[in-house]
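Asks: Dropping in input.cif, with mmCIF, C-alpha atoms.
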```cif
data_structure
loop_
_atom_site.label_atom_id
_atom_site.label_comp_id
_atom_site.auth_asym_id
_atom_site.auth_seq_id
_atom_site.Cartn_x
_atom_site.Cartn_y
_atom_site.Cartn_z
CA MET W 57 57.78 195.87 104.55
CA LYS W 58 59.76 195.81 101.31
CA THR W 59 60.08 192.71 99.17
CA ILE W 60 63.48 192.38 97.58
CA LYS W 61 64.24 189.78 94.95
CA ILE W 62 67.64 188.79 93.56
CA LEU W 63 67.31 187.02 90.24
CA GLY W 64 70.27 185.11 88.93
CA SER W 65 71.56 181.77 87.82
CA GLY W 66 73.71 181.20 90.88
CA CYS W 67 76.95 182.61 89.52
CA ALA W 68 79.49 184.57 91.55
CA LYS W 69 78.01 187.95 90.59
CA CYS W 70 74.55 186.87 91.68
CA LYS W 71 75.88 185.67 95.03
CA THR W 72 77.77 188.91 95.57
CA LEU W 73 74.67 190.98 94.84
CA TYR W 74 72.68 188.83 97.26
CA GLN W 75 75.25 189.26 100.02
CA ASN W 76 75.51 193.01 99.38
CA THR W 77 71.74 193.27 99.55
CA LEU W 78 71.59 191.44 102.87
CA GLU W 79 74.27 193.77 104.21
CA ALA W 80 72.46 196.86 102.92
CA VAL W 81 69.21 195.76 104.55
CA LYS W 82 71.07 195.16 107.80
CA GLN W 83 72.80 198.55 107.72
CA THR W 84 69.66 200.52 106.88
CA GLY W 85 67.60 198.62 109.42
CA ILE W 86 64.56 198.56 107.16
CA GLU W 87 62.08 195.76 107.31
CA ALA W 88 62.50 193.67 104.19
CA GLU W 89 62.13 190.16 102.91
CA VAL W 90 65.02 189.17 100.66
CA ILE W 91 64.28 186.37 98.22
CA LYS W 92 66.80 184.69 95.95
CA ILE W 93 65.35 183.40 92.66
CA GLU W 94 67.52 180.98 90.71
CA ASP W 95 64.86 178.91 88.96
CA PHE W 96 64.85 179.58 85.22
CA GLN W 97 61.08 179.37 84.83
CA GLU W 98 60.60 181.77 87.73
CA MET W 99 63.17 184.18 86.26
CA MET W 100 61.46 184.15 82.89
CA LYS W 101 58.23 185.35 84.50
CA TYR W 102 60.13 188.61 84.87
CA ASN W 103 61.56 188.32 81.33
CA VAL W 104 65.10 188.53 82.64
CA LEU W 105 67.87 188.77 80.05
CA THR W 106 70.99 189.86 81.86
CA THR W 107 71.65 188.72 85.40
CA PRO W 108 71.86 189.44 88.23
CA VAL W 109 68.73 191.52 88.73
CA LEU W 110 67.75 193.34 91.90
CA MET W 111 64.04 193.98 92.30
CA ILE W 112 62.52 196.12 95.01
CA ASP W 113 58.77 195.72 95.40
CA GLU W 114 58.50 194.12 91.96
CA LYS W 115 60.43 196.87 90.20
CA SER W 116 63.82 196.10 88.57
CA VAL W 117 66.35 198.59 89.89
CA ILE W 118 69.62 196.86 88.94
CA LYS W 119 70.07 194.73 85.83
CA GLY W 120 73.08 192.72 84.69
CA ARG W 121 75.61 193.95 87.23
CA VAL W 122 76.61 193.88 90.86
CA ALA W 123 75.73 196.90 92.96
CA ASP W 124 77.74 197.68 96.08
CA VAL W 125 76.24 198.02 99.54
CA ALA W 126 76.18 201.84 99.42
CA GLU W 127 74.24 201.89 96.15
CA ILE W 128 71.71 199.35 97.40
CA LYS W 129 71.26 201.34 100.62
CA THR W 130 70.45 204.40 98.53
CA LEU W 131 67.90 202.44 96.52
CA LEU W 132 66.33 201.04 99.67
CA ILE W 133 65.76 204.37 101.37
CA GLN W 134 64.32 206.07 98.28
CA MET L 292 55.12 177.40 82.13
CA LEU L 293 57.44 178.55 79.39
CA ILE L 294 58.44 175.67 77.13
CA ILE L 295 61.58 176.28 75.12
CA GLN L 296 62.61 173.88 72.39
CA GLU L 297 66.30 172.99 72.60
CA LEU L 298 68.67 171.32 70.18
CA CYS L 299 72.30 170.26 70.34
CA PRO L 300 74.81 171.66 67.80
CA THR L 301 74.57 168.55 65.59
CA LYS L 302 70.81 168.80 65.26
CA THR L 303 71.22 172.52 64.67
CA GLN L 304 73.10 171.73 61.43
CA GLU L 305 69.86 170.35 60.01
CA LYS L 306 68.03 173.53 60.99
CA ILE L 307 70.70 175.64 59.30
CA LYS L 308 70.32 173.60 56.10
CA SER L 309 66.59 174.13 56.18
CA GLY L 310 67.02 177.90 56.39
CA ALA L 311 66.99 178.78 60.08
CA LEU L 312 68.61 182.02 61.16
CA LEU L 313 71.19 181.77 63.93
CA VAL L 314 71.04 184.54 66.51
CA ASP L 315 74.29 184.89 68.44
CA VAL L 316 73.72 186.72 71.73
CA ARG L 317 77.36 186.80 72.82
CA GLU L 318 79.05 190.15 73.26
CA ARG L 319 80.96 191.73 70.38
CA ASN L 320 84.40 190.96 71.79
CA GLU L 321 83.51 187.28 72.09
CA VAL L 322 82.30 187.15 68.49
CA ALA L 323 85.45 188.94 67.32
CA GLU L 324 87.51 186.21 69.00
CA LEU L 325 85.53 183.30 67.65
CA ALA L 326 82.46 183.35 65.42
CA TYR L 327 80.04 180.75 64.12
CA ASP L 328 80.76 180.26 60.41
CA VAL L 329 77.29 179.73 58.98
CA PRO L 330 75.47 181.29 56.02
CA ALA L 331 72.77 183.08 58.02
CA ILE L 332 73.61 184.60 61.37
CA VAL L 333 73.05 187.86 63.23
CA ASN L 334 74.76 189.08 66.37
CA ILE L 335 72.61 190.85 68.92
CA PRO L 336 74.53 190.92 72.21
CA LEU L 337 72.43 190.09 75.24
CA THR L 338 73.23 193.51 76.69
CA GLU L 339 71.52 195.10 73.64
CA PHE L 340 68.84 192.48 73.21
CA GLU L 341 65.96 194.27 74.88
CA GLU L 342 66.40 197.30 72.61
CA ARG L 343 67.13 195.39 69.40
CA PHE L 344 65.18 192.11 69.41
CA ARG L 345 62.56 193.58 67.06
CA GLU L 346 65.20 193.47 64.30
CA LEU L 347 64.65 189.72 64.21
CA PRO L 348 62.19 188.34 61.68
CA THR L 349 58.99 186.80 63.00
CA ASP L 350 58.46 184.62 59.92
CA ARG L 351 61.68 182.65 60.10
CA GLU L 352 62.91 179.90 62.40
CA LEU L 353 65.39 181.32 64.89
CA VAL L 354 68.09 179.31 66.63
CA ILE L 355 69.56 181.25 69.54
CA VAL L 356 73.21 180.56 70.34
CA CYS L 357 75.84 181.76 72.80
CA ARG L 358 78.91 180.35 74.46
CA SER L 359 77.48 177.61 76.67
CA GLY L 360 73.73 177.76 76.14
CA GLY L 361 72.84 179.80 79.23
CA ARG L 362 72.43 183.28 77.82
CA SER L 363 70.77 181.94 74.67
CA LEU L 364 68.20 180.14 76.82
CA ARG L 365 67.19 183.41 78.47
CA ALA L 366 67.09 185.18 75.11
CA ALA L 367 64.91 182.40 73.68
CA GLY L 368 62.54 182.71 76.62
CA PHE L 369 62.48 186.46 76.20
CA LEU L 370 61.52 186.13 72.52
CA LEU L 371 58.75 183.65 73.32
CA ASN L 372 57.46 186.06 75.97
CA ASN L 373 57.43 188.76 73.30
CA GLY L 374 55.35 186.95 70.73
CA TYR L 375 57.96 185.05 68.72
CA THR L 376 56.90 181.46 68.21
CA ASP L 377 59.55 179.76 66.08
CA VAL L 378 62.43 179.91 68.54
CA ILE L 379 64.93 177.21 69.47
CA ASN L 380 67.77 177.33 71.97
CA MET L 381 71.01 175.63 70.97
CA LYS L 382 72.23 173.75 74.01
CA HIS L 383 75.91 173.84 75.01
CA GLY L 384 76.67 176.76 72.70
CA MET L 385 79.99 177.46 71.05
CA ILE L 386 81.82 175.16 73.47
CA ARG L 387 80.14 172.04 72.11
CA TRP L 388 80.01 173.47 68.58
CA ALA L 389 83.80 173.83 68.58
CA GLN L 390 84.33 170.49 70.28
CA LYS L 391 82.37 168.85 67.49
CA GLY L 392 84.50 170.62 64.88
CA PHE L 393 81.68 172.58 63.27
CA PRO L 394 82.71 175.63 61.20
CA THR L 395 84.08 178.63 63.05
CA ILE L 396 86.07 181.74 62.30
CA GLY L 397 88.75 182.57 64.84
CA ASP L 398 90.62 180.92 67.64
CA VAL L 399 88.80 177.88 69.03
CA SER L 400 91.27 177.59 71.88
CA THR L 401 89.35 180.41 73.56
CA VAL L 402 86.47 178.02 74.22
CA LEU L 403 88.29 174.72 74.31
CA ASP L 404 90.57 175.93 77.09
CA THR L 405 89.57 174.84 80.55
CA ALA L 406 89.53 178.42 81.87
CA PRO L 407 87.03 180.36 79.78
CA ALA L 408 86.84 184.12 80.12
CA HIS L 409 83.07 184.44 79.88
CA GLN L 410 80.21 182.70 81.56
CA CYS L 411 76.48 182.76 81.13
CA CYS L 412 76.20 185.97 83.04
CA GLY L 413 79.81 187.03 83.22
CA GLY L 414 80.54 185.25 86.47
CA HIS L 415 83.31 182.92 87.44
CA GLY L 416 83.82 180.27 90.03
CA HIS L 417 81.67 177.32 90.86
CA HIS L 418 79.08 178.06 88.21
CA HIS L 419 81.70 177.35 85.61
CA GLU L 420 82.42 174.08 87.30
CA GLU L 421 78.73 173.24 87.20
CA LYS L 422 78.58 173.99 83.50
CA LYS L 423 81.56 171.74 82.81
CA GLU L 424 79.91 169.04 84.83
CA GLU L 425 76.70 169.46 82.90
CA VAL L 426 78.52 169.09 79.60
CA LYS L 427 80.27 165.99 80.84
CA LYS L 428 77.08 164.40 82.08
CA SER L 429 75.29 164.92 78.85
CA ASP L 430 78.06 163.57 76.64
CA SER L 431 76.36 160.22 76.42
CA THR L 432 72.90 161.59 75.79
CA CYS L 433 73.59 164.49 73.44
CA CYS L 434 75.07 164.02 70.01
#
```
Kindly transcribe the structure held in the file into structure tokens.
Replies:
Amino acid sequence: MKTIKILGSGCAKCKTLYQNTLEAVKQTGIEAEVIKIEDFQEMMKYNVLTTPVLMIDEKSVIKGRVADVAEIKTLLIQ
Amino acid sequence: MLIIQELCPTKTQEKIKSGALLVDVRERNEVAELAYDVPAIVNIPLTEFEERFRELPTDRELVIVCRSGGRSLRAAGFLLNNGYTDVINMKHGMIRWAQKGFPTIGDVSTVLDTAPAHQCCGGHGHHHEEKKEEVKKSDSTCC
């Protein structure tokens, strides 16, 4: 099972990335836990500068921008 | 737990007088519109920060600034995580700085307007509302 984390301060971009990620997980049918991290202290454990960040299994794959569903699907099946 | 020292713009004036270096992490276009007018300041946009933060001195007090205090908080945390020790975040950023009438170069209406173009992470919507609320709430407690 993959662990996916969305790190962001709760702004519109972060919410869009979260929703796109949920949709990508649904469309690919993979087993994944999607966790939203908005707490500043928690974010700083990952030394986040630009948000939102998409992490798959503890690796940052998107930083500082929104990815669309198709791009996230590609990242998920890699 | 990461502990980040924070100061309001008024208290930051004292730090500037005592030789602190301001580090503006806003993007270049934002700085071109409206800049902090202080003797010692560098601009390292947050989008370049990871590659360029080593340009910052380790032997000087750093006050990190941005538009509203959100991006600068993350940059301050990043510096502390990377071995810098004398790092302060300026709360409320350029918005409060301009409201207080501290020196700027450029058009202050870009931050004093109620519909700012840039947010802590480039987003719009309710987060902006939250930030405004936060500023309002702290009016009585911050200088």
Asks: List every residue of region 298-330 of chain L that has an atom at most 12 Å from any atom of region 84-107 of chain W, and for each one report the closest atom pair and its distance in Å to one decimal, counting only C-alpha atoms, with rows sorted by chain and then by increasing residue number, as a Markdown table.
Replies:
```
| residue | atom | partner | partner_atom | distance |
| --- | --- | --- | --- | --- |
| L:Val316 | CA | W:Leu105 | CA | 10.4 |
| L:Arg317 | CA | W:Thr106 | CA | 11.5 |
| L:Glu318 | CA | W:Thr106 | CA | 11.8 |
```
Asks: Here's the selection I'm unsure about, the PyMOL selection byres ((chain L and resi 372-388) around 6); applied to the file above, which residues does it give, as a VMD selection string?
Replies: chain L and resid 296 to 300 352 to 360 364 369 to 371 389 to 391 393 402
Asks: Which residues are close to Val81 (chain W), i.e. within 12 Å by all atoms listed in the file, leaving aside same-chain residues fewer than 4 positions away? Reply as a PyMOL selection string.
Replies: chain W and resi 57-60+74-77+85-90+112+125-133
Asks: Out of W:Gln134, W:Glu79, W:Lys119, W:Lys61, which residue has the shortest atom-to-atom distance to chain L when counting all atoms listed in the file?
Replies: W:Lys119
Asks: Give me the residues within 9 Å of Cys70 (chain W) as JSON, numbers by chain, counting all atoms listed in the file and dropping any in the same chain fewer than 2 places off.
Replies: {"W": [62, 63, 64, 65, 66, 67, 68, 72, 73, 74, 75, 107, 108, 109, 121, 122], "L": [412, 414]}
Asks: Identify which of the residues L:Gly361, L:Pro348, L:Gly397, L:Pro336 lies closest to Ala311 (chain L), counting all atoms listed in the file when measuring atom-to-atom distances.
Replies: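 Checking each candidate against Ala311 (chain L), we get L:Pro348 as the closest.
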Asks: Enter the distance from CA of Pro330 (chain L) to CA of Gly310 (chain L), in Å, rounded to one decimal.
Replies: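 Separation between CA of Pro330 (chain L) and CA of Gly310 (chain L): 9.1 Å.
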Asks: Let me have the centre and edge lengths of the axis-aligned box enclosing all listed atoms of region 84-93 of chain W with 5 Å padding on every side, in Å to one decimal, as lines of an AutoDock Vina configuration file.
Replies:
```
center_x = 65.9
center_y = 192.0
center_z = 101.0
size_x = 17.6
size_y = 27.1
size_z = 26.8
```
Asks: Here's the selection I'm unsure about, the PyMOL selection byres ((chain L and resi 325) around 10); applied to the file above, which residues does it give, as a list in words?
Replies: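 In the shown coordinates, the PyMOL selection byres ((chain L and resi 325) around 10) covers Arg319, Asn320, Glu321, Val322, Ala323, Glu324, Ala326, Tyr327, Asp328, Arg358, Met385, Ala389, Thr395, Ile396, Gly397, Asp398, Val399, Ser400, Thr401 and Val402 of chain L.
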Asks: Between CA of Leu337 (chain L) and CA of Ala80 (chain W), what is the distance in Å, rounded to a tenth?
Replies: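 Rounded to one decimal, the two atoms are 28.5 Å apart.
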Asks: Just checking: using all atoms listed in the file, which residue out of L:Glu346, L:Val314, L:Asp404, L:Thr338 ends up closest to chain W?
Replies: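 Smallest distance to chain W is found for L:Thr338.
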Asks: Let me make sure I understand: among L:Arg362, L:Ile307, L:Gly392, L:Ile332, which one has the smallest atom-to-atom distance to chain W if we use all atoms listed in the file?
Replies: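 Between L:Arg362, L:Ile307, L:Gly392, L:Ile332, the residue approaching chain W most closely is L:Arg362.
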Asks: Of the candidates L:Ala366, L:Arg345, L:Leu403, L:Asp315, which shows the shortest atom-to-atom distance to chain W, using all atoms listed in the file?
Replies: L:Ala366
Asks: May I ask which of the residues L:Met292, L:Val329, L:Leu312, L:Leu347 is the closest one to chain W, counting only C-alpha atoms?
Replies: L:Met292
Asks: Expressed in Å to a single decimal, how great is the separation between CA of Ser309 (chain L) and CA of Glu339 (chain L)?
Replies: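 Interatomic distance here is 27.7 Å.
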